[in-house]
Protein chains: 2
Amino acid sequence: MDSIVITRDKNSPLYVQIYSYFKNAIEKGDIAEGEKLPSIRGLTKALGVSKSTVEMAYQQLCSEGYIENANRARYTVAFLDRSLLGERTKNTNLDSNQFLDPLDSLKIEYDFASGEMDPEGFNFTLWKRYVNKALAETQRLVGYGHVQGEEELREQIVQYLYQSRGVMAHSSQVIIGPGIQSLLVILCSLLKDKHSSIAFEDPGFKNGRRIFADHDFQIIPVEMGKDGIDMETLKESQADLVYVSPSHQFPTGAIMSIGKRITMLAWAEKNQGLIIEDDYDSEFRYYGRPVPALKGLDQRGSVVYLGSFSKIMPPSIRISYMVLPKQLLTLYREKATFYKQGSSTTEQLALALFMKDGQLEKQVRRLRKLYQEKRTIFFKSIKDNLGEHVILEEKESGLFTVLNVKTDLTSQELKNRALKAGCRVAAIEDYALLNHNGQVFPRLILYFSSIPKNSINEGVRLLKQAWFQ
Amino acid sequence: MDSIVITRDKNSPLYVQIYSYFKNAIEKGDIAEGEKLPSIRGLTKALGVSKSTVEMAYQQLCSEGYIENANRARYTVAFLDRSLLGERTKNTNLDSNQFLDPLDSLKIEYDFASGEMDPEGFNFTLWKRYVNKALAETQRLVGYGHVQGEEELREQIVQYLYQSRGVMAHSSQVIIGPGIQSLLVILCSLLKDKHSSIAFEDPGFKNGRRIFADHDFQIIPVEMGKDGIDMETLKESQADLVYVSPSHQFPTGAIMSIGKRITMLAWAEKNQGLIIEDDYDSEFRYYGRPVPALKGLDQRGSVVYLGSFSKIMPPSIRISYMVLPKQLLTLYREKATFYKQGSSTTEQLALALFMKDGQLEKQVRRLRKLYQEKRTIFFKSIKDNLGEHVILEEKESGLFTVLNVKTDLTSQELKNRALKAGCRVAAIEDYALLNHNGQVFPRLILYFSSIPKNSINEGVRLLKQAWFQ
């Protein structure tokens with residue numbers, strides 16, 4: 001045992017040094033299977049360490065299966081198929097480049113494809129106060145929290161829904177989650193026994209559609225009409241599940257008319273169908289008041305309502321919610337524990353206090369004002385720069401606009417040219433499954449929410465250069 | 001139009017009052033389909049309001065589909081199937097009791113079934129400083145953040161894994177998520193094309209198993225041996241995917257021996273199989289050092305590593321992570337956008353700073369010391385109170401112990417009696433699919449992590465009363 005070199009180094013306890021010595025020796029085959037290790041007493045003496053140090057090292061080796069003490073007398077080396085162990089050095093299996101995401105290196109100066117928030121749009125100093133209040137609730141923060149989300153926040157959401165969206169719900173029906181998409185995962189699980197297909201507005205919310213497809217739902221794309229999804233096609237499709245965004249359809253911006261809403265509810269009742277209402281950005285209507293939610297008309301529990309804070313609060317705060325009708329609530333409770341709550345409790349409690357103090361209303365007003373201003377600048381800039389080259393669809397809602405570009409280029413060519421100029425834009429066709437033949441020109445989606453006021457014009461100017469020069 | 005009553009009330013803008021009047025009248029059928037609304041000029045005059053007020057009201061009605069202006073002259077009432085609208089009052093579809101979860105009202109004084117944290121176990125004042133530093137990064141917080149999780153945190157996790165778990169990974173392989181269970185949902189999506197069944201340690205992590213089952217994987221329960229999953233049964237099962245917790249099996253507490261680890265990796269290589277390693281509480285080994293992760297031996301990308309902060313940080317901070325081998329990383333990147341990041345960016349940034357400052361190491365040491373103390377108190381209390389009534393499995397790791405209760409009662413009866421006394425305990429059989437016939441006595445799982453030091457003895461005393469008096 002002369003070769004065990006022990007150093008007095010506080011970063012490496014003595015027992016770890018002994019453990020490592022034997023571990024390496026066994027892995028390398030220097031000590032063979034069945035061979036005895038030195039007795040505890042002998043090694044203690046030889047190394048001049050305490051008995052418990054050696055015992056700890058041996059116990060560790062034993063726990064990890066390197067040695068065994070079958071006869072309780074002396075530890076022996078356990079069987080180990082060393083041929084499988086291989087060489088291990090820090091670099092063998094790590095070539096950092098091989099794991100890198102090529103998308104990470106893309107440089108985007110003006111991101112017209114992002115619905116993220118304007119840095120001016122939120123008062124973080126104020127928010128910090130609420131976060132700190134929430135962090136004082138230490139007793140609650142050491143637990144996992146309520147699986148559906150914190151009760152205070154669900155209560156506030158219920159009030160908000162009633163006052164702002166015309167939706168009546170009980171807090172026990174509200175399920176909080178860290179994003180619409182993670183709530184959809186739960187919904188897929190709740191729905192898949194009764195439903196095997198789902199109708200989607202086309203074009204529509206692509207990532208939602210992909211989650212359902214990924215859960216083996218058959219996707220039935222249904223053409224959009226001027227006032228919402230085409231009901232005739234929906235009826236013919238035989239679907240009994242449909243995903244819609246009635247207040248402000250994504251990405252066409254259409255509002256579903258009251259007549260169509262009623263027809264849709266009647267369709268659901270007749271077919272024992274279910275409507276999933278995605279109310280993602282209903283707060284941003286610049287002229288007039290927000291269009292009430294479809295869920296507000298739902299008498300028979302035919303509508304699952306999905307709401308998000310990601311457009312009115314910074315989206316880095318991951319809180320969305322859904323309101324489940326009773327039939328689904330029972331099933332949800334059976335599965336709740338395996339789809340655990342994912343939203344931070346601190347942020348849930350902070351948001352509840354923020355809402356209770358009336359700060360959310362103020363925040364919505366602040367953003368609406370800011371975005372209205374930016375929308376005006378954006379529209380003016382488009383008219384000034386792109387003028388007769390484009391047809392601008394001036395919707396009264398939302399954080400983006402649809403631009404018809406009069407060109408022979410395709411949507412993809414326009415996107416690529418923009419990208420080379422440092423601008424990212426999206427195209428309607430990216431969100432569609434169907435081939436919408438009616439389109440004369442490529443239709444692009446341009447968000448104005450995240451680009452700072454004084455950069456909007458420069459961004460639009462670059463688009464003009466990219467497309468028409 | 002005499003019946004429109006307009007009040008000057010700042011909470012209800014004039015145009016909203018006009019809008020509401022017509023909306024109600026149309027819904028009730030007081031104004032029939034096709035009927036003309038008053039001209040804008042006429043109504044402006046009659047009500048003594050501005051022209052734009054009336055215009056806004058009409059535009060809102062028009063957006064929502066109550067009226068239309070087909071001929072651009074006068075607005076007319078649109079067709080509406082009123083029979084479907086029904087009565088809407090605040091109470092019709094809301095009986096609050098019908099939605100309540102019966103489990104919510106259960107009163108538990110001593111929760112031996114919860115692995116949550118001791119309130120003494122974390123310094124929230126210190127944590128608050130890091131959260132506030134993170135909240136200063138306002139530019140980053142207005143966005144969604146990186147879909148895999150913030151780069152700084154992934155870098156810190158890589159270092160932590162190398163130093164504490166013997167795992168070498170690159171930050172691009174690390175996927176952060178708000179809990180092991182939400183990461184498993186992503187994994188199910190990545191694995192289901194190539195795998196249709198998964199072997200699970202039995203007894204084992206129930207909620208993990210249920211997520212795979214919910215994603216239509218066939219579950220193959222494999223008996224646990226003394227040193228980990230039974231390899232013979234695994235080989236016979238034909239499974240090519242297996243879920244294990246080698247460092248500290250849940251709930252038996254077994255440690256997988258190095259021999260079995262090597263055999264398992266060889267099995268994976270031979271069968272092109274994949275091992276999911278759940279390393280949920282490896283930090284809590286009270287004697288000796290943590291057992292290294294299986295992933296540390298993985299040369300060929302056969303292991304998906306799952307780690308969680310929920311045992312070493314308050315679990316209300318929802319941050320877990322997985323390390324994907326290259327083959328799965330490519331597939332992950334294709335699907336990443338529809339399984340968006342769910343962890344709060346603020347908490348991710350705060351945790352990265354906390355780790356960078358060496359605070360996580362201190363926190364682990366603090367907790368290990370606290371839990372070691374509590375474990376001693378707990379074991380003494382069990383011996384004092386329950387003595388010869390039980391066989392205590394004194395494992396050296398983790399936050400719970402397994403108790404064999406010498407009784408004719410079943411596990412379920414023991415659990416129910418405990419519950420009536422205000423104590424919640426879990427049973428091994430709750431986590432098993434197989435019928436483990438070898439058991440002589442009911443085996444219960446008792447956590448000591450969340451019950452305060454000075455309450456432990458009282459809790460154990462109540463268990464004695466409940467079971468033996």
# chains A, B, ... in the order shown; residues from 1 in each chain; ligands from 1

$ residues_around --residues "Glu388 of chain B" --least-positions-apart "2" --cutoff "12 Å" --atoms "only C-alpha atoms" --output "list in words"
Ile382, Lys383, Asp384, Asn385, Leu386, Val390, Ile391, Leu392, Leu403, Asn404, Val405, Lys406, Thr407, Lys464 and Phe468 of chain B

$ write_last_selection --atoms "N, CA, C and O atoms" --output "mmCIF file, in the first residue's frame"
data_model
loop_
_atom_site.group_PDB
_atom_site.id
_atom_site.type_symbol
_atom_site.label_atom_id
_atom_site.label_comp_id
_atom_site.auth_asym_id
_atom_site.auth_seq_id
_atom_site.Cartn_x
_atom_site.Cartn_y
_atom_site.Cartn_z
ATOM 1 N N ILE B 382 -38.372 6.981 16.353
ATOM 2 C CA ILE B 382 -38.989 5.723 15.911
ATOM 3 C C ILE B 382 -38.601 4.584 16.856
ATOM 4 O O ILE B 382 -39.447 3.795 17.290
ATOM 5 N N LYS B 383 -37.323 4.535 17.203
ATOM 6 C CA LYS B 383 -36.871 3.472 18.100
ATOM 7 C C LYS B 383 -37.518 3.608 19.470
ATOM 8 O O LYS B 383 -37.982 2.627 20.057
ATOM 9 N N ASP B 384 -37.582 4.828 19.991
ATOM 10 C CA ASP B 384 -38.180 5.056 21.309
ATOM 11 C C ASP B 384 -39.665 4.712 21.319
ATOM 12 O O ASP B 384 -40.159 4.051 22.224
ATOM 13 N N ASN B 385 -40.378 5.176 20.311
ATOM 14 C CA ASN B 385 -41.835 5.027 20.318
ATOM 15 C C ASN B 385 -42.306 3.693 19.748
ATOM 16 O O ASN B 385 -43.215 3.073 20.276
ATOM 17 N N LEU B 386 -41.718 3.323 18.635
ATOM 18 C CA LEU B 386 -42.258 2.162 17.922
ATOM 19 C C LEU B 386 -41.436 0.891 18.169
ATOM 20 O O LEU B 386 -41.924 -0.215 17.938
ATOM 21 N N VAL B 390 -41.585 -2.263 14.817
ATOM 22 C CA VAL B 390 -41.189 -1.979 13.427
ATOM 23 C C VAL B 390 -39.767 -2.436 13.131
ATOM 24 O O VAL B 390 -38.959 -2.625 14.036
ATOM 25 N N ILE B 391 -39.487 -2.622 11.843
ATOM 26 C CA ILE B 391 -38.100 -2.776 11.395
ATOM 27 C C ILE B 391 -37.774 -1.561 10.533
ATOM 28 O O ILE B 391 -38.446 -1.285 9.527
ATOM 29 N N LEU B 392 -36.769 -0.838 10.977
ATOM 30 C CA LEU B 392 -36.396 0.405 10.310
ATOM 31 C C LEU B 392 -35.264 0.123 9.330
ATOM 32 O O LEU B 392 -34.253 -0.461 9.696
ATOM 33 N N LEU B 403 -40.146 1.840 6.528
ATOM 34 C CA LEU B 403 -40.504 1.256 7.812
ATOM 35 C C LEU B 403 -41.328 -0.011 7.571
ATOM 36 O O LEU B 403 -42.361 0.031 6.913
ATOM 37 N N ASN B 404 -40.851 -1.143 8.096
ATOM 38 C CA ASN B 404 -41.635 -2.379 8.027
ATOM 39 C C ASN B 404 -42.426 -2.483 9.326
ATOM 40 O O ASN B 404 -41.828 -2.544 10.403
ATOM 41 N N VAL B 405 -43.739 -2.448 9.229
ATOM 42 C CA VAL B 405 -44.561 -2.420 10.437
ATOM 43 C C VAL B 405 -45.073 -3.824 10.749
ATOM 44 O O VAL B 405 -45.750 -4.443 9.923
ATOM 45 N N LYS B 406 -44.707 -4.311 11.942
ATOM 46 C CA LYS B 406 -45.116 -5.670 12.335
ATOM 47 C C LYS B 406 -46.561 -5.639 12.814
ATOM 48 O O LYS B 406 -46.845 -5.320 13.968
ATOM 49 N N THR B 407 -47.452 -5.961 11.921
ATOM 50 C CA THR B 407 -48.870 -5.833 12.225
ATOM 51 C C THR B 407 -49.661 -6.715 11.274
ATOM 52 O O THR B 407 -49.146 -7.134 10.243
ATOM 53 N N LYS B 464 -47.792 5.897 16.553
ATOM 54 C CA LYS B 464 -47.843 4.762 17.476
ATOM 55 C C LYS B 464 -49.271 4.576 17.989
ATOM 56 O O LYS B 464 -49.830 3.478 17.966
ATOM 57 N N PHE B 468 -51.099 1.170 17.201
ATOM 58 C CA PHE B 468 -50.949 0.135 18.221
ATOM 59 C C PHE B 468 -51.766 0.362 19.479
ATOM 60 O O PHE B 468 -51.491 -0.245 20.514
#

$ closest_atom_pairs --of "segment 326-365 of chain B" --to "segment 287-302 of chain B" --cutoff "10 Å" --atoms "only C-alpha atoms" --output "tab-separated table"
residue	atom	partner	partner_atom	distance
B:Lys326	CA	B:Gly301	CA	6.9
B:Gln327	CA	B:Gly301	CA	7.8
B:Leu328	CA	B:Gly301	CA	9.3

$ write_last_selection --atoms "N, CA and C atoms" --output "tab-separated table (two decimals), in the first residue's frame"
chain	number	residue	atom	x	y	z
B	326	LYS	N	-26.48	13.31	-28.11
B	326	LYS	CA	-26.54	14.03	-29.38
B	326	LYS	C	-27.71	13.60	-30.27
B	327	GLN	N	-27.92	12.30	-30.36
B	327	GLN	CA	-28.99	11.79	-31.24
B	327	GLN	C	-30.35	12.42	-30.90
B	328	LEU	N	-30.61	12.61	-29.61
B	328	LEU	CA	-31.90	13.18	-29.23
B	328	LEU	C	-31.92	14.69	-29.35

$ closest_residue --among "A:Pro38, A:His436, A:His195, A:Phe212" --to "Gln272 of chain A" --atoms "only C-alpha atoms"
A:His195

$ residues_around --residues "segment 361-364 of chain B" --least-positions-apart "3" --cutoff "8 Å" --atoms "only C-alpha atoms" --output "VMD selection string"
chain B and resid 122 283 312 to 313 355 358 367 to 368

$ residues_around --residues "segment 106-118 of chain A" --least-positions-apart "2" --cutoff "6 Å" --atoms "only C-alpha atoms" --output "ChimeraX atom specification"
/A:103-104,120-121,422-426,446-447,449-450,459 /B:142-143

$ write_last_selection --atoms "N, CA, C and O atoms" --output "compact mmCIF listing (two decimals), in the first residue's frame"
# COMPACT_ATOMS: atom_id res chain seq x y z
N LEU A 103 -29.02 27.97 -35.12
CA LEU A 103 -29.90 29.13 -35.05
C LEU A 103 -29.41 30.16 -34.04
O LEU A 103 -29.74 31.33 -34.12
N ASP A 104 -28.60 29.70 -33.06
CA ASP A 104 -28.17 30.60 -32.00
C ASP A 104 -27.30 31.74 -32.51
O ASP A 104 -27.20 32.78 -31.88
N GLU A 120 -39.89 49.38 -22.74
CA GLU A 120 -40.60 50.51 -22.11
C GLU A 120 -41.94 50.09 -21.50
O GLU A 120 -42.56 50.85 -20.79
N GLY A 121 -42.38 48.89 -21.85
CA GLY A 121 -43.75 48.51 -21.56
C GLY A 121 -44.01 48.03 -20.15
O GLY A 121 -45.15 47.71 -19.80
N GLY A 422 -30.96 41.90 -41.79
CA GLY A 422 -31.04 41.97 -40.32
C GLY A 422 -32.45 42.08 -39.78
O GLY A 422 -32.66 42.40 -38.62
N CYS A 423 -33.46 41.82 -40.63
CA CYS A 423 -34.85 41.93 -40.20
C CYS A 423 -35.53 40.56 -40.29
O CYS A 423 -35.42 39.87 -41.31
N ARG A 424 -36.23 40.19 -39.24
CA ARG A 424 -36.97 38.94 -39.31
C ARG A 424 -38.46 39.27 -39.48
O ARG A 424 -38.99 40.10 -38.74
N VAL A 425 -39.10 38.66 -40.48
CA VAL A 425 -40.55 38.80 -40.63
C VAL A 425 -41.12 37.39 -40.78
O VAL A 425 -40.40 36.45 -41.08
N ALA A 426 -42.42 37.26 -40.55
CA ALA A 426 -43.08 35.96 -40.71
C ALA A 426 -44.07 36.05 -41.86
O ALA A 426 -44.42 37.15 -42.30
N LEU A 446 -46.20 41.27 -39.62
CA LEU A 446 -45.17 42.13 -39.01
C LEU A 446 -45.63 42.60 -37.63
O LEU A 446 -46.62 43.32 -37.52
N TYR A 447 -44.89 42.18 -36.62
CA TYR A 447 -45.14 42.66 -35.26
C TYR A 447 -44.44 44.00 -35.05
O TYR A 447 -43.35 44.21 -35.57
N SER A 449 -44.47 45.13 -31.66
CA SER A 449 -44.47 45.25 -30.19
C SER A 449 -43.07 45.36 -29.60
O SER A 449 -42.84 46.18 -28.71
N SER A 450 -42.12 44.58 -30.09
CA SER A 450 -40.84 44.52 -29.38
C SER A 450 -39.79 45.51 -29.91
O SER A 450 -38.79 45.76 -29.25
N GLY A 459 -36.07 50.11 -39.37
CA GLY A 459 -36.37 48.72 -39.72
C GLY A 459 -37.19 48.63 -41.00
O GLY A 459 -36.90 47.84 -41.90
N VAL B 142 -38.02 41.11 -20.88
CA VAL B 142 -39.20 41.40 -21.70
C VAL B 142 -39.36 40.38 -22.83
O VAL B 142 -40.33 40.44 -23.58
N GLY B 143 -38.42 39.45 -22.94
CA GLY B 143 -38.54 38.43 -23.98
C GLY B 143 -38.89 37.07 -23.38
O GLY B 143 -39.06 36.93 -22.18

$ closest_residue --among "B:Ile445, B:Ser247, B:His170, B:Tyr339" --to "Val185 of chain A" --atoms "only C-alpha atoms"
B:Tyr339
